[in-house]
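> Handing you this structure, nothing more for now.
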Amino acid sequence: MAKVFVPQLPTRYDPKTKIHIPTLDITQATAYGEIVIMRNPLMTREDALHNIRSQARAEIAPDDCVMAIGDVVILACVIMEAIKVNGCVNVLRWDRARQSYTKEEIRE
């Protein structure tokens, strides 16, 4: 089954529950595959960049998608690593007019 890699899911910290709560509902993306959140909100940006590069190289397959949300530098690193390994990457982005995700392929 294909996967949808989310480099960073935007969250907000809830002081009452002391947890990070997602600020976006990405459940519609499950139509493209299993959701994989790549960055833990407690991870430093530097650790996240290192771990995400390794994960992108090892796990993203040609039929998987990368969701275009979160920190743009982290997103760019994931896309770059996926292209290095696979020669291309599928990117999911939200289309406001259609109220759904669209998939676009980026090639080397």
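Every chain in the structure tokens takes a letter, A first, then B, and so on in the order presented; its residues are numbered from 1, and the ligands are numbered from 1 following the presented order.
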With a distance cut-off of 12 Å and only C-alpha atoms, select the neighbouring residues of Arg45 in chain A, excluding the residue or stretch itself and same-chain residues fewer than 2 positions from it, and output the selection as a VMD selection string.
chain A and resid 7 to 8 39 to 43 47 to 52 70 to 74
> Could you take the residues named above and write them with C-alpha atoms, as a CSV table (one decimal), in the first residue's frame?

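Saved result, part-v7.csv, follows:
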```csv
chain,number,residue,atom,x,y,z
A,7,PRO,CA,7.1,16.1,6.8
A,8,GLN,CA,5.6,18.2,9.6
A,39,ARG,CA,8.4,15.0,12.5
A,40,ASN,CA,7.6,14.7,16.2
A,41,PRO,CA,6.6,18.2,17.5
A,42,LEU,CA,9.1,17.8,20.4
A,43,MET,CA,12.0,17.2,18.1
A,47,ASP,CA,17.3,16.6,14.7
A,48,ALA,CA,14.2,16.6,12.6
A,49,LEU,CA,16.2,17.5,9.4
A,50,HIS,CA,18.7,14.7,10.1
A,51,ASN,CA,16.1,12.1,10.8
A,52,ILE,CA,13.8,13.1,8.0
A,70,GLY,CA,4.6,22.4,7.4
A,71,ASP,CA,8.1,23.9,7.5
A,72,VAL,CA,9.2,24.6,3.9
A,73,VAL,CA,12.8,23.8,4.6
A,74,ILE,CA,11.9,20.4,6.0
```
> Using only C-alpha atoms, I'd like a table of the residues in range 9-83 of chain A that come within 9 Å of range 93-106 of chain A; for each, show the closest atom pair and its distance in Å rounded to one decimal, ordered by chain and ascending number, as a Markdown table.

```
| residue | atom | partner | partner_atom | distance |
| --- | --- | --- | --- | --- |
| A:Gln28 | CA | A:Ser100 | CA | 7.2 |
| A:Ala29 | CA | A:Tyr101 | CA | 6.8 |
| A:Tyr32 | CA | A:Lys103 | CA | 8.8 |
| A:Cys65 | CA | A:Lys103 | CA | 7.8 |
| A:Val66 | CA | A:Arg93 | CA | 8.8 |
| A:Met67 | CA | A:Arg93 | CA | 6.2 |
| A:Ala68 | CA | A:Arg93 | CA | 5.4 |
| A:Ile69 | CA | A:Arg93 | CA | 7.8 |
| A:Ile79 | CA | A:Ile106 | CA | 8.7 |
| A:Ile83 | CA | A:Ile106 | CA | 7.9 |
```
> Step one, run DSSP on the backbone; step two, keep only residues of chain A assigned to strand (DSSP E or B); then write them as a ChimeraX atom specification.
/A:3-6,11-14,19-22,34-37,65-67,88-95,100-107
> Just write the chosen residues, N, CA and C atoms, as a compact mmCIF listing (two decimals), in the first residue's frame.

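Okay, result_13.txt is ready:
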```txt
# COMPACT_ATOMS: atom_id res chain seq x y z
N LYS A 3 2.04 5.15 0.70
CA LYS A 3 2.06 5.95 1.93
C LYS A 3 2.06 7.43 1.56
N VAL A 4 1.53 8.22 2.49
CA VAL A 4 1.56 9.67 2.37
C VAL A 4 2.45 10.18 3.50
N PHE A 5 3.62 10.69 3.14
CA PHE A 5 4.57 11.20 4.13
C PHE A 5 4.28 12.66 4.41
N VAL A 6 4.09 12.97 5.69
CA VAL A 6 3.81 14.33 6.14
C VAL A 6 5.07 14.82 6.86
N THR A 11 0.81 21.86 14.50
CA THR A 11 0.10 21.59 15.75
C THR A 11 0.07 22.84 16.61
N ARG A 12 -0.76 22.79 17.63
CA ARG A 12 -0.75 23.81 18.68
C ARG A 12 -0.67 23.09 20.01
N TYR A 13 -0.02 23.72 20.96
CA TYR A 13 0.14 23.12 22.28
C TYR A 13 -1.08 23.45 23.12
N ASP A 14 -1.69 22.43 23.72
CA ASP A 14 -2.83 22.62 24.60
C ASP A 14 -2.33 22.53 26.04
N ILE A 19 -0.53 18.41 25.56
CA ILE A 19 -0.18 17.70 24.34
C ILE A 19 -0.29 18.64 23.13
N HIS A 20 0.38 18.26 22.05
CA HIS A 20 0.28 19.00 20.79
C HIS A 20 -0.90 18.45 20.00
N ILE A 21 -1.77 19.35 19.57
CA ILE A 21 -2.98 18.98 18.85
C ILE A 21 -2.85 19.45 17.40
N PRO A 22 -3.09 18.57 16.42
CA PRO A 22 -3.02 18.98 15.02
C PRO A 22 -3.98 20.13 14.72
N GLU A 34 -1.50 5.34 3.35
CA GLU A 34 -1.37 5.39 4.80
C GLU A 34 -0.58 6.64 5.21
N ILE A 35 -1.08 7.38 6.19
CA ILE A 35 -0.43 8.61 6.65
C ILE A 35 0.77 8.27 7.53
N VAL A 36 1.92 8.90 7.23
CA VAL A 36 3.13 8.73 8.03
C VAL A 36 3.61 10.13 8.43
N ILE A 37 3.50 10.47 9.71
CA ILE A 37 3.98 11.76 10.21
C ILE A 37 5.48 11.62 10.45
N CYS A 65 3.51 9.44 -1.68
CA CYS A 65 3.31 10.87 -1.83
C CYS A 65 3.93 11.60 -0.65
N VAL A 66 4.29 12.85 -0.87
CA VAL A 66 4.74 13.75 0.18
C VAL A 66 3.73 14.88 0.24
N MET A 67 3.19 15.14 1.43
CA MET A 67 2.20 16.20 1.59
C MET A 67 2.91 17.54 1.76
N CYS A 88 11.95 10.85 -8.94
CA CYS A 88 10.72 11.64 -8.96
C CYS A 88 10.05 11.54 -7.59
N VAL A 89 9.05 12.38 -7.38
CA VAL A 89 8.26 12.30 -6.15
C VAL A 89 6.86 12.84 -6.44
N ASN A 90 5.87 12.23 -5.82
CA ASN A 90 4.49 12.71 -5.93
C ASN A 90 4.24 13.64 -4.75
N VAL A 91 3.74 14.83 -5.05
CA VAL A 91 3.46 15.81 -4.00
C VAL A 91 1.96 16.03 -3.93
N LEU A 92 1.43 15.97 -2.71
CA LEU A 92 0.01 16.28 -2.50
C LEU A 92 -0.11 17.70 -2.01
N ARG A 93 -0.99 18.45 -2.62
CA ARG A 93 -1.25 19.79 -2.14
C ARG A 93 -2.75 20.03 -2.09
N TRP A 94 -3.16 20.88 -1.18
CA TRP A 94 -4.57 21.17 -0.99
C TRP A 94 -5.06 22.13 -2.07
N ASP A 95 -6.16 21.78 -2.71
CA ASP A 95 -6.79 22.64 -3.71
C ASP A 95 -8.03 23.24 -3.06
N SER A 100 -10.15 19.47 -1.95
CA SER A 100 -9.54 18.14 -1.93
C SER A 100 -8.06 18.26 -2.28
N TYR A 101 -7.34 17.16 -2.10
CA TYR A 101 -5.93 17.13 -2.44
C TYR A 101 -5.75 16.82 -3.92
N THR A 102 -4.71 17.40 -4.51
CA THR A 102 -4.32 17.05 -5.86
C THR A 102 -2.90 16.51 -5.81
N LYS A 103 -2.62 15.56 -6.67
CA LYS A 103 -1.30 14.93 -6.71
C LYS A 103 -0.56 15.42 -7.94
N GLU A 104 0.68 15.87 -7.72
CA GLU A 104 1.52 16.33 -8.81
C GLU A 104 2.86 15.64 -8.73
N GLU A 105 3.34 15.19 -9.87
CA GLU A 105 4.64 14.53 -9.90
C GLU A 105 5.74 15.54 -10.20
N ILE A 106 6.83 15.47 -9.43
CA ILE A 106 8.00 16.30 -9.67
C ILE A 106 9.12 15.35 -10.09
N ARG A 107 9.73 15.64 -11.21
CA ARG A 107 10.82 14.81 -11.74
C ARG A 107 12.14 15.55 -11.66
```
> Would you give me, as JSON, numbers by chain, the residues in chain A that DSSP reads as alpha helix (DSSP H)?
{"A": [45, 46, 47, 48, 49, 50, 51, 52, 53, 54, 55, 56, 57, 58, 59, 72, 73, 74, 75, 76, 77, 78, 79, 80, 81, 82, 83, 84, 85, 86]}
> Quick one: of A:Ala2, A:Ile60, A:Ile26, A:Leu9, who's nearest to Gly87 in chain A, counting only C-alpha atoms?
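The shortest atom-to-atom distance to Gly87 in chain A comes from A:Ile60.
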> Name the closest residue to Ala56 in chain A among the candidates A:Thr44, A:Thr17, A:Asn86, A:Thr23; distances are taken between atoms, counting only C-alpha atoms.
A:Asn86
> Could you jot down the CA of Glu59 in chain A to CA of Glu108 in chain A separation for me, Å, one decimal place?
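For CA of Glu59 in chain A relative to CA of Glu108 in chain A, the distance reads 18.4 Å.
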> Under the rule that only C-alpha atoms are counted, which of A:Gly33, A:Glu46, A:Lys18, A:Lys84 is the nearest residue to Asp63 in chain A?
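Of the candidates, the smallest distance to Asp63 in chain A is held by A:Gly33.
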